[in-house]
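J.: Below is the file my_file19.cif, with mmCIF, C-alpha atoms, pLDDT in the B column; chains and numbers go by the auth columns.
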data_data
#
loop_
_atom_site.group_PDB
_atom_site.id
_atom_site.type_symbol
_atom_site.label_atom_id
_atom_site.label_comp_id
_atom_site.label_asym_id
_atom_site.label_seq_id
_atom_site.Cartn_x
_atom_site.Cartn_y
_atom_site.Cartn_z
_atom_site.B_iso_or_equiv
_atom_site.auth_seq_id
_atom_site.auth_asym_id
ATOM 1 C CA MET A 1 0.000 0.000 0.000 49.00 1 A
ATOM 2 C CA SER A 2 1.503 3.313 -1.074 56.00 2 A
ATOM 3 C CA ASN A 3 0.748 6.507 0.819 72.00 3 A
ATOM 4 C CA LYS A 4 1.535 9.031 -1.879 89.00 4 A
ATOM 5 C CA PHE A 5 2.296 12.624 -0.970 90.00 5 A
ATOM 6 C CA SER A 6 1.407 15.179 -3.604 92.00 6 A
ATOM 7 C CA LYS A 7 3.397 18.285 -4.414 93.00 7 A
ATOM 8 C CA GLN A 8 0.368 20.348 -3.362 94.00 8 A
ATOM 9 C CA GLN A 9 0.375 18.731 0.101 95.00 9 A
ATOM 10 C CA ILE A 10 4.072 19.498 0.481 95.00 10 A
ATOM 11 C CA LYS A 11 3.503 23.124 -0.536 95.00 11 A
ATOM 12 C CA HIS A 12 0.645 23.367 1.956 96.00 12 A
ATOM 13 C CA ILE A 13 2.858 21.969 4.746 95.00 13 A
ATOM 14 C CA SER A 14 5.674 24.372 3.850 95.00 14 A
ATOM 15 C CA GLN A 15 3.220 27.271 3.884 95.00 15 A
ATOM 16 C CA LEU A 16 1.895 26.255 7.319 96.00 16 A
ATOM 17 C CA ALA A 17 5.470 25.963 8.609 96.00 17 A
ATOM 18 C CA GLN A 18 6.394 29.231 6.877 95.00 18 A
ATOM 19 C CA ILE A 19 9.321 27.549 5.143 96.00 19 A
ATOM 20 C CA PRO A 20 9.652 28.636 1.512 95.00 20 A
ATOM 21 C CA ILE A 21 10.539 25.820 -0.909 95.00 21 A
ATOM 22 C CA SER A 22 11.138 25.675 -4.644 95.00 22 A
ATOM 23 C CA GLU A 23 9.231 23.519 -7.144 94.00 23 A
ATOM 24 C CA LYS A 24 12.148 21.081 -7.292 96.00 24 A
ATOM 25 C CA GLU A 25 12.298 20.862 -3.485 95.00 25 A
ATOM 26 C CA ALA A 26 8.538 20.203 -3.389 95.00 26 A
ATOM 27 C CA ASP A 27 8.942 17.369 -5.897 94.00 27 A
ATOM 28 C CA ASN A 28 11.874 15.882 -3.961 95.00 28 A
ATOM 29 C CA LEU A 29 10.107 16.159 -0.605 95.00 29 A
ATOM 30 C CA ALA A 30 6.921 14.570 -1.974 95.00 30 A
ATOM 31 C CA ARG A 31 8.972 11.643 -3.281 95.00 31 A
ATOM 32 C CA ASP A 32 10.988 11.327 -0.047 96.00 32 A
ATOM 33 C CA PHE A 33 7.921 11.556 2.233 94.00 33 A
ATOM 34 C CA THR A 34 6.164 8.909 0.135 94.00 34 A
ATOM 35 C CA GLU A 35 9.217 6.637 0.353 95.00 35 A
ATOM 36 C CA THR A 36 9.393 7.119 4.138 94.00 36 A
ATOM 37 C CA LEU A 37 5.722 6.232 4.585 92.00 37 A
ATOM 38 C CA ASP A 38 6.204 3.151 2.387 92.00 38 A
ATOM 39 C CA VAL A 39 9.080 1.967 4.601 93.00 39 A
ATOM 40 C CA ILE A 40 6.983 2.524 7.746 92.00 40 A
ATOM 41 C CA SER A 41 4.074 0.675 6.161 90.00 41 A
ATOM 42 C CA ASN A 42 6.385 -2.213 5.315 91.00 42 A
ATOM 43 C CA LEU A 43 7.691 -2.327 8.914 90.00 43 A
ATOM 44 C CA GLN A 44 4.146 -2.344 10.274 89.00 44 A
ATOM 45 C CA SER A 45 3.367 -5.478 8.282 89.00 45 A
ATOM 46 C CA ILE A 46 6.021 -7.512 10.151 90.00 46 A
ATOM 47 C CA ASP A 47 4.646 -9.960 12.748 91.00 47 A
ATOM 48 C CA THR A 48 6.281 -9.071 16.087 89.00 48 A
ATOM 49 C CA LYS A 49 3.879 -10.840 18.472 91.00 49 A
ATOM 50 C CA ASN A 50 6.471 -13.268 19.849 91.00 50 A
ATOM 51 C CA ILE A 51 9.408 -10.865 19.790 89.00 51 A
ATOM 52 C CA GLU A 52 10.605 -9.471 23.094 88.00 52 A
ATOM 53 C CA PRO A 53 11.245 -5.700 23.038 87.00 53 A
ATOM 54 C CA THR A 54 14.894 -4.721 22.704 85.00 54 A
ATOM 55 C CA HIS A 55 16.117 -1.549 24.321 82.00 55 A
ATOM 56 C CA GLN A 56 19.719 -1.867 23.242 83.00 56 A
ATOM 57 C CA VAL A 57 21.657 -4.499 21.356 85.00 57 A
ATOM 58 C CA THR A 58 25.330 -3.966 22.218 89.00 58 A
ATOM 59 C CA GLY A 59 25.340 -5.440 25.720 85.00 59 A
ATOM 60 C CA LEU A 60 27.204 -2.389 26.988 89.00 60 A
ATOM 61 C CA GLU A 61 26.285 -1.044 30.400 87.00 61 A
ATOM 62 C CA ASN A 62 26.803 2.340 32.000 88.00 62 A
ATOM 63 C CA ILE A 63 29.609 2.441 34.501 91.00 63 A
ATOM 64 C CA LEU A 64 28.695 4.721 37.350 93.00 64 A
ATOM 65 C CA ARG A 65 30.838 6.105 40.133 91.00 65 A
ATOM 66 C CA GLU A 66 30.141 8.013 43.294 92.00 66 A
ATOM 67 C CA ASP A 67 30.113 11.761 42.816 91.00 67 A
ATOM 68 C CA ASN A 68 32.662 12.612 45.481 92.00 68 A
ATOM 69 C CA VAL A 69 34.367 15.977 45.785 90.00 69 A
ATOM 70 C CA ASP A 70 38.166 15.765 45.832 91.00 70 A
ATOM 71 C CA GLU A 71 38.883 18.617 48.220 90.00 71 A
ATOM 72 C CA ASP A 72 42.645 18.310 47.637 92.00 72 A
ATOM 73 C CA ARG A 73 42.112 19.515 44.057 93.00 73 A
ATOM 74 C CA MET A 74 39.671 22.318 44.897 93.00 74 A
ATOM 75 C CA LEU A 75 40.618 25.979 44.707 93.00 75 A
ATOM 76 C CA SER A 76 39.372 28.501 47.173 92.00 76 A
ATOM 77 C CA GLN A 77 37.357 31.357 45.715 93.00 77 A
ATOM 78 C CA GLU A 78 40.316 33.643 46.273 93.00 78 A
ATOM 79 C CA GLU A 79 42.667 31.247 44.427 94.00 79 A
ATOM 80 C CA ALA A 80 40.205 30.822 41.553 94.00 80 A
ATOM 81 C CA LEU A 81 39.900 34.595 41.102 96.00 81 A
ATOM 82 C CA SER A 82 43.606 35.351 41.636 95.00 82 A
ATOM 83 C CA ASN A 83 44.461 35.620 37.892 94.00 83 A
ATOM 84 C CA ALA A 84 41.243 37.312 36.800 94.00 84 A
ATOM 85 C CA SER A 85 41.750 40.671 35.153 93.00 85 A
ATOM 86 C CA GLU A 86 38.553 41.996 36.763 94.00 86 A
ATOM 87 C CA THR A 87 36.268 40.752 39.547 95.00 87 A
ATOM 88 C CA HIS A 88 33.201 42.036 41.355 95.00 88 A
ATOM 89 C CA ASN A 89 31.791 40.712 44.646 94.00 89 A
ATOM 90 C CA GLY A 90 33.620 37.394 44.262 93.00 90 A
ATOM 91 C CA PHE A 91 32.700 36.800 40.592 94.00 91 A
ATOM 92 C CA PHE A 92 34.587 37.044 37.299 94.00 92 A
ATOM 93 C CA VAL A 93 33.736 40.113 35.214 94.00 93 A
ATOM 94 C CA VAL A 94 33.783 39.595 31.443 91.00 94 A
ATOM 95 C CA LYS A 95 33.008 41.861 28.512 86.00 95 A
ATOM 96 C CA HIS A 96 29.673 41.497 26.727 82.00 96 A
ATOM 97 C CA LEU A 97 29.903 38.792 24.085 80.00 97 A
ATOM 98 C CA LEU A 98 26.571 39.436 22.381 79.00 98 A
ATOM 99 C CA GLU A 99 24.890 42.657 21.373 76.00 99 A
ATOM 100 C CA ASN A 100 21.186 43.320 21.743 73.00 100 A
ATOM 101 C CA LYS A 101 20.154 44.910 18.438 72.00 101 A
ATOM 102 C CA ASP A 102 16.597 45.527 19.693 69.00 102 A
ATOM 103 C CA ALA A 103 17.705 47.740 22.584 58.00 103 A
#
What's the structure tokens form of this structure?

T.:
Amino acid sequence: MSNKFSKQQIKHISQLAQIPISEKEADNLARDFTETLDVISNLQSIDTKNIEPTHQVTGLENILREDNVDEDRMLSQEEALSNASETHNGFFVVKHLLENKDA
């Protein structure tokens, strides 16, 4: 069973999404969407009644560790700020990176 997308449907979707597309892009998208739906339709026809769900297939497992703070490697706030060119109330001061064009 083929679920065919028309170029008009693609143009309608692009208009709703406010994404301009060319005639060639509409043709390509209609073909690609139709192919995708055909693949999904084909997958839906497979009998999976006796198949156990698979969440992953590699057998790998996460290795977790305790989230312990190594206080020997910690810097005090004073040490952390010692090389800063400018600070304010215990924080780093940096120049603006982005400009607000609307302001």

J.: Pick out the residues sitting within 12 Å of region 3-17 of chain A, and hand them over as an mmCIF file with C-alpha atoms, in the frame of the given file; count all atoms listed in the file, and ignore anything fewer than 2 positions along from it in its own chain.

T.:
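So the final result, stored in selection_13.cif, reads:
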data_model
loop_
_atom_site.group_PDB
_atom_site.id
_atom_site.type_symbol
_atom_site.label_atom_id
_atom_site.label_comp_id
_atom_site.auth_asym_id
_atom_site.auth_seq_id
_atom_site.Cartn_x
_atom_site.Cartn_y
_atom_site.Cartn_z
ATOM 1 C CA MET A 1 0.000 0.000 0.000
ATOM 2 C CA ILE A 19 9.321 27.549 5.143
ATOM 3 C CA PRO A 20 9.652 28.636 1.512
ATOM 4 C CA ILE A 21 10.539 25.820 -0.909
ATOM 5 C CA SER A 22 11.138 25.675 -4.644
ATOM 6 C CA GLU A 23 9.231 23.519 -7.144
ATOM 7 C CA LYS A 24 12.148 21.081 -7.292
ATOM 8 C CA GLU A 25 12.298 20.862 -3.485
ATOM 9 C CA ALA A 26 8.538 20.203 -3.389
ATOM 10 C CA ASP A 27 8.942 17.369 -5.897
ATOM 11 C CA ASN A 28 11.874 15.882 -3.961
ATOM 12 C CA LEU A 29 10.107 16.159 -0.605
ATOM 13 C CA ALA A 30 6.921 14.570 -1.974
ATOM 14 C CA ARG A 31 8.972 11.643 -3.281
ATOM 15 C CA ASP A 32 10.988 11.327 -0.047
ATOM 16 C CA PHE A 33 7.921 11.556 2.233
ATOM 17 C CA THR A 34 6.164 8.909 0.135
ATOM 18 C CA GLU A 35 9.217 6.637 0.353
ATOM 19 C CA THR A 36 9.393 7.119 4.138
ATOM 20 C CA LEU A 37 5.722 6.232 4.585
ATOM 21 C CA ASP A 38 6.204 3.151 2.387
ATOM 22 C CA VAL A 39 9.080 1.967 4.601
ATOM 23 C CA ILE A 40 6.983 2.524 7.746
ATOM 24 C CA SER A 41 4.074 0.675 6.161
ATOM 25 C CA ASN A 42 6.385 -2.213 5.315
#

J.: Of the candidates A:Ala80, A:Ile51, A:Val57, A:Ile63, which one gets nearest to Phe92 (chain A) if we count all atoms listed in the file?

T.: A:Ala80

J.: Return as JSON the centre and edge lengths, in Å with one decimal, of the box along x, y and z that encloses every atom of region 75-86 of chain A in the file, padded by 5 Å per side.

T.:
{"center_x": 40.9, "center_y": 34.0, "center_z": 41.2, "size_x": 17.1, "size_y": 26.0, "size_z": 22.0}
